[in-house]
Structure formats: structure tokens, C-alpha cells
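Q: My structure is stored as work30.csv, with CSV, C-alpha atoms and all ligand atoms.
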chain,number,residue,atom,x,y,z
A,278,MET,CA,-19.6,24.6,13.2
A,279,SER,CA,-18.8,21.7,11.0
A,280,VAL,CA,-20.4,18.2,10.7
A,281,GLN,CA,-18.4,15.1,10.0
A,282,TYR,CA,-19.5,11.5,9.6
A,283,ARG,CA,-17.4,8.7,11.0
A,284,ILE,CA,-17.4,4.9,11.5
A,285,ASP,CA,-15.3,3.6,14.4
A,286,GLY,CA,-14.0,7.1,14.8
A,287,ARG,CA,-12.5,7.1,11.3
A,288,VAL,CA,-13.4,8.8,7.9
A,289,PRO,CA,-15.2,6.2,5.7
A,290,VAL,CA,-13.8,5.8,2.2
A,291,VAL,CA,-15.3,3.5,-0.4
A,292,PHE,CA,-13.2,1.4,-2.8
A,293,SER,CA,-15.5,0.0,-5.4
A,294,ASP,CA,-14.8,-2.4,-8.2
A,295,PHE,CA,-16.4,-1.6,-11.6
A,296,ASP,CA,-17.1,-4.7,-13.6
A,297,GLY,CA,-20.0,-6.7,-12.2
A,298,THR,CA,-20.1,-4.4,-9.2
A,299,ILE,CA,-21.1,-0.9,-10.4
A,300,THR,CA,-22.3,-2.6,-13.6
A,301,GLU,CA,-24.8,-5.4,-13.6
A,302,ARG,CA,-22.6,-7.6,-15.7
A,303,ASP,CA,-18.8,-7.8,-16.1
A,304,VAL,CA,-18.1,-5.5,-19.0
A,305,ILE,CA,-14.8,-7.2,-19.9
A,306,ILE,CA,-16.8,-10.5,-20.4
A,307,MET,CA,-19.5,-8.7,-22.4
A,308,ILE,CA,-16.8,-7.3,-24.7
A,309,MET,CA,-15.1,-10.7,-25.1
A,310,GLU,CA,-18.4,-12.4,-25.9
A,311,ALA,CA,-19.1,-9.8,-28.6
A,312,PHE,CA,-15.7,-9.1,-30.1
A,313,ALA,CA,-13.1,-11.8,-29.2
A,314,PRO,CA,-12.4,-15.2,-30.8
A,315,PRO,CA,-13.3,-18.2,-28.5
A,316,GLU,CA,-9.9,-18.5,-26.8
A,317,TRP,CA,-11.0,-15.9,-24.3
A,318,GLU,CA,-13.0,-18.4,-22.4
A,319,ASP,CA,-10.0,-20.5,-21.5
A,320,ILE,CA,-8.1,-17.5,-20.3
A,321,VAL,CA,-10.9,-16.5,-18.0
A,322,ASP,CA,-11.2,-20.1,-16.8
A,323,ARG,CA,-7.4,-20.2,-16.0
A,324,LEU,CA,-7.8,-16.9,-14.0
A,325,LEU,CA,-11.0,-17.5,-12.1
A,326,ASN,CA,-11.4,-21.3,-11.7
A,327,ARG,CA,-8.0,-23.0,-12.2
A,328,ARG,CA,-6.3,-19.9,-10.8
A,329,THR,CA,-3.0,-20.6,-12.7
A,330,ILE,CA,-2.4,-17.1,-14.2
A,331,THR,CA,-2.3,-13.6,-12.7
A,332,ILE,CA,-4.9,-10.9,-13.2
A,333,LYS,CA,-2.4,-8.9,-15.1
A,334,GLU,CA,-1.6,-11.8,-17.5
A,335,ALA,CA,-5.3,-12.5,-18.0
A,336,VAL,CA,-6.3,-8.9,-18.8
A,337,THR,CA,-3.3,-8.4,-21.1
A,338,THR,CA,-3.9,-11.5,-23.1
A,339,LEU,CA,-7.6,-11.0,-23.3
A,340,PHE,CA,-7.4,-7.5,-24.9
A,341,ARG,CA,-4.7,-8.7,-27.3
A,342,LEU,CA,-7.3,-10.9,-28.9
A,343,ILE,CA,-9.2,-7.8,-30.2
A,344,PRO,CA,-8.0,-5.5,-33.0
A,345,GLY,CA,-7.6,-1.9,-32.0
A,346,SER,CA,-9.6,-0.9,-35.1
A,347,LYS,CA,-12.7,-2.1,-33.2
A,348,ARG,CA,-12.5,0.8,-30.8
A,349,ALA,CA,-15.4,2.9,-31.9
A,350,GLU,CA,-17.6,-0.2,-32.3
A,351,ILE,CA,-16.8,-1.4,-28.8
A,352,GLU,CA,-17.5,2.0,-27.3
A,353,ARG,CA,-20.9,2.1,-29.0
A,354,PHE,CA,-21.6,-1.5,-27.8
A,355,VAL,CA,-20.7,-0.6,-24.2
A,356,LEU,CA,-22.9,2.5,-24.1
A,357,GLU,CA,-25.8,0.6,-25.6
A,358,ASN,CA,-25.6,-2.5,-23.5
A,359,VAL,CA,-24.1,-1.8,-20.1
A,360,ARG,CA,-26.5,-1.5,-17.3
A,361,LEU,CA,-25.7,0.1,-13.9
A,362,ARG,CA,-26.5,-1.7,-10.7
A,363,PRO,CA,-29.6,-0.2,-9.0
A,364,GLY,CA,-29.0,2.4,-6.4
A,365,PHE,CA,-25.6,3.5,-7.8
A,366,PRO,CA,-26.4,7.1,-8.6
A,367,ASP,CA,-28.2,7.5,-5.3
A,368,PHE,CA,-25.3,6.0,-3.4
A,369,LEU,CA,-22.9,8.5,-5.0
A,370,ASP,CA,-25.1,11.3,-3.8
A,371,PHE,CA,-25.2,9.8,-0.3
A,372,CYS,CA,-21.4,9.5,-0.2
A,373,ARG,CA,-21.0,13.1,-1.3
A,374,ALA,CA,-23.5,14.3,1.3
A,375,HIS,CA,-21.7,12.5,4.0
A,376,GLY,CA,-18.1,13.4,3.0
A,377,ILE,CA,-17.3,9.9,2.0
A,378,PRO,CA,-14.8,9.6,-0.9
A,379,PHE,CA,-15.9,7.2,-3.6
A,380,LEU,CA,-13.0,5.5,-5.5
A,381,VAL,CA,-13.5,3.3,-8.5
A,382,VAL,CA,-10.6,0.8,-8.5
A,383,SER,CA,-10.8,-1.4,-11.5
A,384,GLY,CA,-8.8,-4.0,-13.4
A,385,GLY,CA,-10.7,-2.9,-16.5
A,386,VAL,CA,-9.7,-0.3,-19.1
A,387,ARG,CA,-10.4,3.4,-19.2
A,388,PHE,CA,-11.7,3.5,-22.7
A,389,PHE,CA,-14.8,1.5,-21.8
A,390,ILE,CA,-15.2,2.7,-18.1
A,391,GLU,CA,-15.0,6.4,-18.7
A,392,PRO,CA,-18.0,6.7,-21.0
A,393,VAL,CA,-20.2,4.7,-18.6
A,394,LEU,CA,-19.2,6.8,-15.6
A,395,LYS,CA,-19.1,10.2,-17.4
A,396,PRO,CA,-22.5,11.3,-16.0
A,397,TYR,CA,-21.1,10.9,-12.4
A,398,TRP,CA,-17.6,12.2,-13.1
A,399,ASP,CA,-17.6,14.9,-10.4
A,400,LYS,CA,-18.7,12.4,-7.7
A,401,LEU,CA,-16.0,9.8,-8.0
A,402,GLN,CA,-12.3,9.1,-8.7
A,403,LEU,CA,-11.3,6.5,-11.2
A,404,PHE,CA,-8.2,4.3,-11.0
A,405,CYS,CA,-7.8,1.7,-13.8
A,406,ASN,CA,-5.7,0.5,-16.7
A,407,THR,CA,-5.2,2.4,-20.0
A,408,SER,CA,-4.8,1.2,-23.6
A,409,ASP,CA,-3.2,1.7,-27.0
A,410,PHE,CA,-5.2,0.8,-30.1
A,411,LEU,CA,-2.9,-1.0,-32.5
A,412,PRO,CA,-4.3,-2.4,-35.8
A,413,ASP,CA,-4.1,-6.0,-34.7
A,414,ARG,CA,-4.7,-5.7,-31.0
A,415,ILE,CA,-5.5,-3.6,-27.9
A,416,GLU,CA,-2.3,-3.2,-25.8
A,417,LEU,CA,-2.8,-2.3,-22.2
A,418,SER,CA,-0.7,-0.1,-19.9
A,419,PHE,CA,-0.7,-0.1,-16.2
A,420,PRO,CA,-0.4,3.4,-14.5
A,421,TYR,CA,-1.1,2.0,-11.0
A,422,PRO,CA,1.1,-1.1,-10.5
A,423,GLY,CA,1.3,-0.7,-6.7
A,424,ASP,CA,4.3,-1.1,-4.4
A,425,ASP,CA,2.9,-4.1,-2.6
A,426,CYS,CA,1.1,-6.1,-5.3
A,427,GLU,CA,2.3,-9.5,-4.2
A,428,PRO,CA,-0.7,-10.3,-1.9
A,429,CYS,CA,-3.2,-9.6,-4.7
A,430,GLY,CA,-1.4,-11.8,-7.2
A,431,GLN,CA,-0.2,-9.2,-9.7
A,432,CYS,CA,-3.4,-7.4,-10.2
A,433,ALA,CA,-2.2,-4.8,-12.8
A,434,CYS,CA,-4.2,-1.9,-11.4
A,435,CYS,CA,-3.3,-2.5,-7.8
A,436,LYS,CA,-6.3,-2.1,-5.6
A,437,LEU,CA,-4.2,-2.5,-2.5
A,438,GLY,CA,-1.9,0.3,-3.7
A,439,ILE,CA,-4.8,2.7,-4.0
A,440,MET,CA,-6.1,1.6,-0.5
A,441,ALA,CA,-2.6,2.3,0.9
A,442,ARG,CA,-3.0,6.0,0.0
A,443,TYR,CA,-5.6,6.2,2.7
A,444,PRO,CA,-4.0,5.1,6.0
A,445,GLN,CA,-6.2,2.9,8.0
A,446,GLU,CA,-5.6,4.7,11.3
A,447,VAL,CA,-7.5,7.7,9.8
A,448,TYR,CA,-9.7,6.1,7.2
A,449,TYR,CA,-12.3,3.3,7.6
A,450,HIS,CA,-11.9,1.1,4.5
A,451,ILE,CA,-15.1,-0.1,2.8
A,452,ALA,CA,-14.5,-2.5,-0.1
A,453,VAL,CA,-17.2,-3.3,-2.7
A,454,GLY,CA,-16.7,-6.1,-5.2
A,455,ASP,CA,-17.9,-9.2,-7.0
A,456,SER,CA,-15.0,-11.4,-7.9
A,457,LEU,CA,-11.4,-12.7,-7.5
A,458,THR,CA,-9.9,-9.3,-8.4
A,459,ASP,CA,-11.5,-7.9,-5.1
A,460,LEU,CA,-10.3,-10.7,-2.8
A,461,ALA,CA,-7.1,-8.9,-1.8
A,462,MET,CA,-9.2,-5.7,-0.9
A,463,SER,CA,-11.5,-7.9,1.1
A,464,ARG,CA,-8.6,-9.2,3.2
A,465,ARG,CA,-7.5,-5.7,4.2
A,466,ALA,CA,-10.7,-3.7,4.3
A,467,ASP,CA,-12.6,-2.9,7.5
A,468,TRP,CA,-15.9,-3.8,5.9
A,469,THR,CA,-16.5,-5.7,2.6
A,470,PHE,CA,-19.7,-5.8,0.6
A,471,ALA,CA,-19.6,-8.8,-1.7
A,472,ARG,CA,-21.7,-10.4,-4.4
A,473,SER,CA,-21.4,-13.3,-6.8
A,474,LYS,CA,-18.1,-15.2,-6.8
A,475,LEU,CA,-16.5,-12.9,-4.2
A,476,ILE,CA,-18.8,-14.4,-1.6
A,477,ASP,CA,-17.3,-17.9,-2.4
A,478,TYR,CA,-13.7,-16.7,-2.5
A,479,THR,CA,-14.0,-14.9,0.8
A,480,ARG,CA,-15.9,-17.8,2.4
A,481,GLU,CA,-12.9,-20.1,1.6
A,482,GLU,CA,-10.7,-17.8,3.6
A,483,ASN,CA,-13.2,-17.1,6.4
A,484,ILE,CA,-13.2,-13.4,5.6
A,485,PRO,CA,-16.4,-11.8,6.9
A,486,VAL,CA,-18.5,-10.0,4.2
A,487,THR,CA,-21.9,-8.4,3.9
A,488,PRO,CA,-23.6,-9.8,0.8
A,489,PHE,CA,-25.4,-7.2,-1.4
A,490,GLU,CA,-27.2,-7.0,-4.7
A,491,THR,CA,-27.9,-3.3,-5.0
A,492,PHE,CA,-26.3,-0.1,-3.8
A,493,PHE,CA,-29.5,0.7,-1.9
A,494,GLU,CA,-28.6,-2.1,0.5
A,495,ILE,CA,-25.0,-0.8,1.0
A,496,GLN,CA,-26.4,2.7,1.6
A,497,GLN,CA,-28.8,1.4,4.3
A,498,HIS,CA,-26.0,-0.5,6.1
A,499,LEU,CA,-23.7,2.5,6.1
A,500,SER,CA,-26.4,5.0,7.3
A,501,ASP,CA,-27.0,2.6,10.2
A,502,ARG,CA,-23.4,2.8,11.2
A,503,LEU,CA,-22.4,6.4,10.4
A,504,VAL,CA,-21.9,8.5,13.5
A,505,LYS,CA,-22.4,12.3,13.2
A,506,GLU,CA,-19.8,14.4,14.8
A,507,THR,CA,-20.3,18.1,15.3
A,508,HIS,CA,-17.3,20.3,15.8
A,509,HIS,CA,-17.5,23.8,17.2
A,510,ALA,CA,-14.8,26.0,16.0
A,601,MG,MG,-15.6,-7.2,-10.9
A,602,ZN,ZN,-2.0,-5.5,-6.6
The structure given in the file should be rewritten as C-alpha cells.
Ligand code: MG
Ligand code: ZN
A:
Amino acid sequence: MSVQYRIDGRVPVVFSDFDGTITERDVIIMIMEAFAPPEWEDIVDRLLNRRTITIKEAVTTLFRLIPGSKRAEIERFVLENVRLRPGFPDFLDFCRAHGIPFLVVSGGVRFFIEPVLKPYWDKLQLFCNTSDFLPDRIELSFPYPGDDCEPCGQCACCKLGIMARYPQEVYYHIAVGDSLTDLAMSRRADWTFARSKLIDYTREENIPVTPFETFFEIQQHLSDRLVKETHHA
């Protein structure tokens, strides 16, 4: 006998953003505030408010503002200052107990995400950008460019590309995010949990979302909708 949990007859899978979603604050912004010259603010404004550059252009130019020699200092700063959103560890346990894959899909960079998620490594999968540390800059590389990145506006780590690995006939897509980089996921997901600026971006396009502040709320919503199926071999 095996037990499986379904929503709308499909296997739920969670695609979660990292910066400002799993973490309380956007870690890229925290790093820029602490380590980059003031130009970073204009780049972020062009991305999020004026919307005149792509996500890939923004993240590439932002990290070029910081010398690679700062690596150890940044890693220490991240571990000391980054706070996880309440309910995150419990939600990972909940997902595992219900056979729900939890994927972190992030436009951030592995060198600062991995140390933060290390304690939960066996409960999630991480898809993000990588980096080289050159004396004068941090140069990013993009292992997950996606085949169909157009709709998300060149996101670098293509969240739609990761979603496409889980066909929607079989999998029920749950997106969790906080900002512009999650808008494309929100358009395609079956259910989107949104906070902060993502609520505004999705409202402009009439995309229905469930607002959240902690992972406890998401867990509650999912446990209300999960259907237990028992299969007799
Ligand atoms: Mg974010
Ligand atoms: Zn994309």
C-alpha cells in the first residue's frame, strides 16, 4: 500500500525564489548595500521600476561592481546577517513528508545561497547562477539559461525553464516569490504565493495570487488542499 498526496489530481511541486522569499530580505541588495559603490541603486531602479534592462543585464552589471577579492568577506557577511523567513524549515519537512519536491529557483548566485541553505541541503534542489572571482570583479555564469526565456525577459537562471522540466499534466505547479523575477512563474503556475512587489506586478496583469508573509501560511493553505490517495498494490 502506498500513500500519495495530490492537488487537482496532480503531484504538487514547489518552485521557490530565494532572495526576499526564503530570506527575509533580498540578499543581493544586502550585498550591494554593504560592498558595492553607489551605482548599484540606479541599476536596480532600471530593472524594478523603469523596467528598461533585463534581469540578466542587471545581475551581471551589479556583481561586476564588486572585486572578487571580497569573496570571503561577503560570505562571512551573508552568514552573519541573512535571516530566513519564519516557517521555512518546517515547510521543507512538510514537503518531504508529503512527497512534494521543493526547488529553489533563484536569479542569485551559488556562492552566497549555498552556505545559507547548507543545513537543508537534503530537502531541496537548487538552481541558480554561478560565479568567477576575478581581482577586479565578480563575473557571473548562467548554467540554466532556458529554452524559452523570452516571456520572462531574459532572466539568466530561467525559472520557466526549470518549471518546464515538470510537465503540468502531471505536476501541479506552486510558485513562491516576492518580486519581478517571479512574475513569469506567476503567469504559468497553477497557484502562486506572493509577497511584497510581486503582489503589485501580478495585480497589474490580473494574475490571481495568495499573499503570504511566512511559510507557515503556505503550509496551511497546502494542507487544506492536499488530497490523500491510497494505492493498493
Ligand atoms: Mg526575490
Ligand atoms: Zn527565463
Q: With all atoms listed in the file as the atoms that count, which of A:Phe404, A:Trp317, A:Tyr282, A:Tyr478 lies nearest to A:Ile439?
A: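 That would be A:Phe404, the residue with the smallest distance to A:Ile439.
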Q: Could you tell me how far atom CA of A:Ser500 sits from atom CA of A:Glu481, in Å to one decimal place?
A: 29.1 Å
Q: Considering all atoms listed in the file, return as a list of chain:residue names whatever protein or nucleic-acid residues lie within 7 Å of A:Ser346, sequence-local ones (same chain, fewer than 2 positions apart) excluded.
A: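 Contacts, with the query itself left out: A:Pro344, A:Arg348, A:Phe410, A:Pro412.
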Q: Hey, can you check how far atom CA of A:Ser383 sits from atom CA of A:Gly286?
A: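 Distance between the two atoms: 27.8 Å.
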Q: Residues contacting ligand MG 601 (chain A) - anything with an atom at most 12 Å away, using only C-alpha atoms and all ligand atoms - can you give me those as a PyMOL selection string?
A: chain A and resi 293-306+325+332+381-385+436+452-460+462+471-475
Q: Taking all atoms listed in the file into account, report as a VMD selection string which residues have an atom no farther than 7 Å from an atom of ligand ZN 602 (chain A).
A: chain A and resid 422 to 423 425 to 438
Q: Could you jot down the atom CA of A:Ala349 to atom CA of A:Glu316 separation for me, Å, one decimal place?
A: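 Computed distance, atom CA of A:Ala349 to atom CA of A:Glu316, equals 22.7 Å.
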Q: I need the residue nearest A:Ser408 from this list: A:Pro315, A:Pro392, A:Pro366, A:Gly345. Use all atoms listed in the file for the distance.
A: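 Result for the nearest residue to A:Ser408: A:Gly345.
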Q: Excluding A:Val280 and any residue of its chain fewer than 6 positions from it, enumerate the residues within 12 Å of it, using all atoms listed in the file, and give them as number ranges by chain.
A: A: 374-376, 503-510
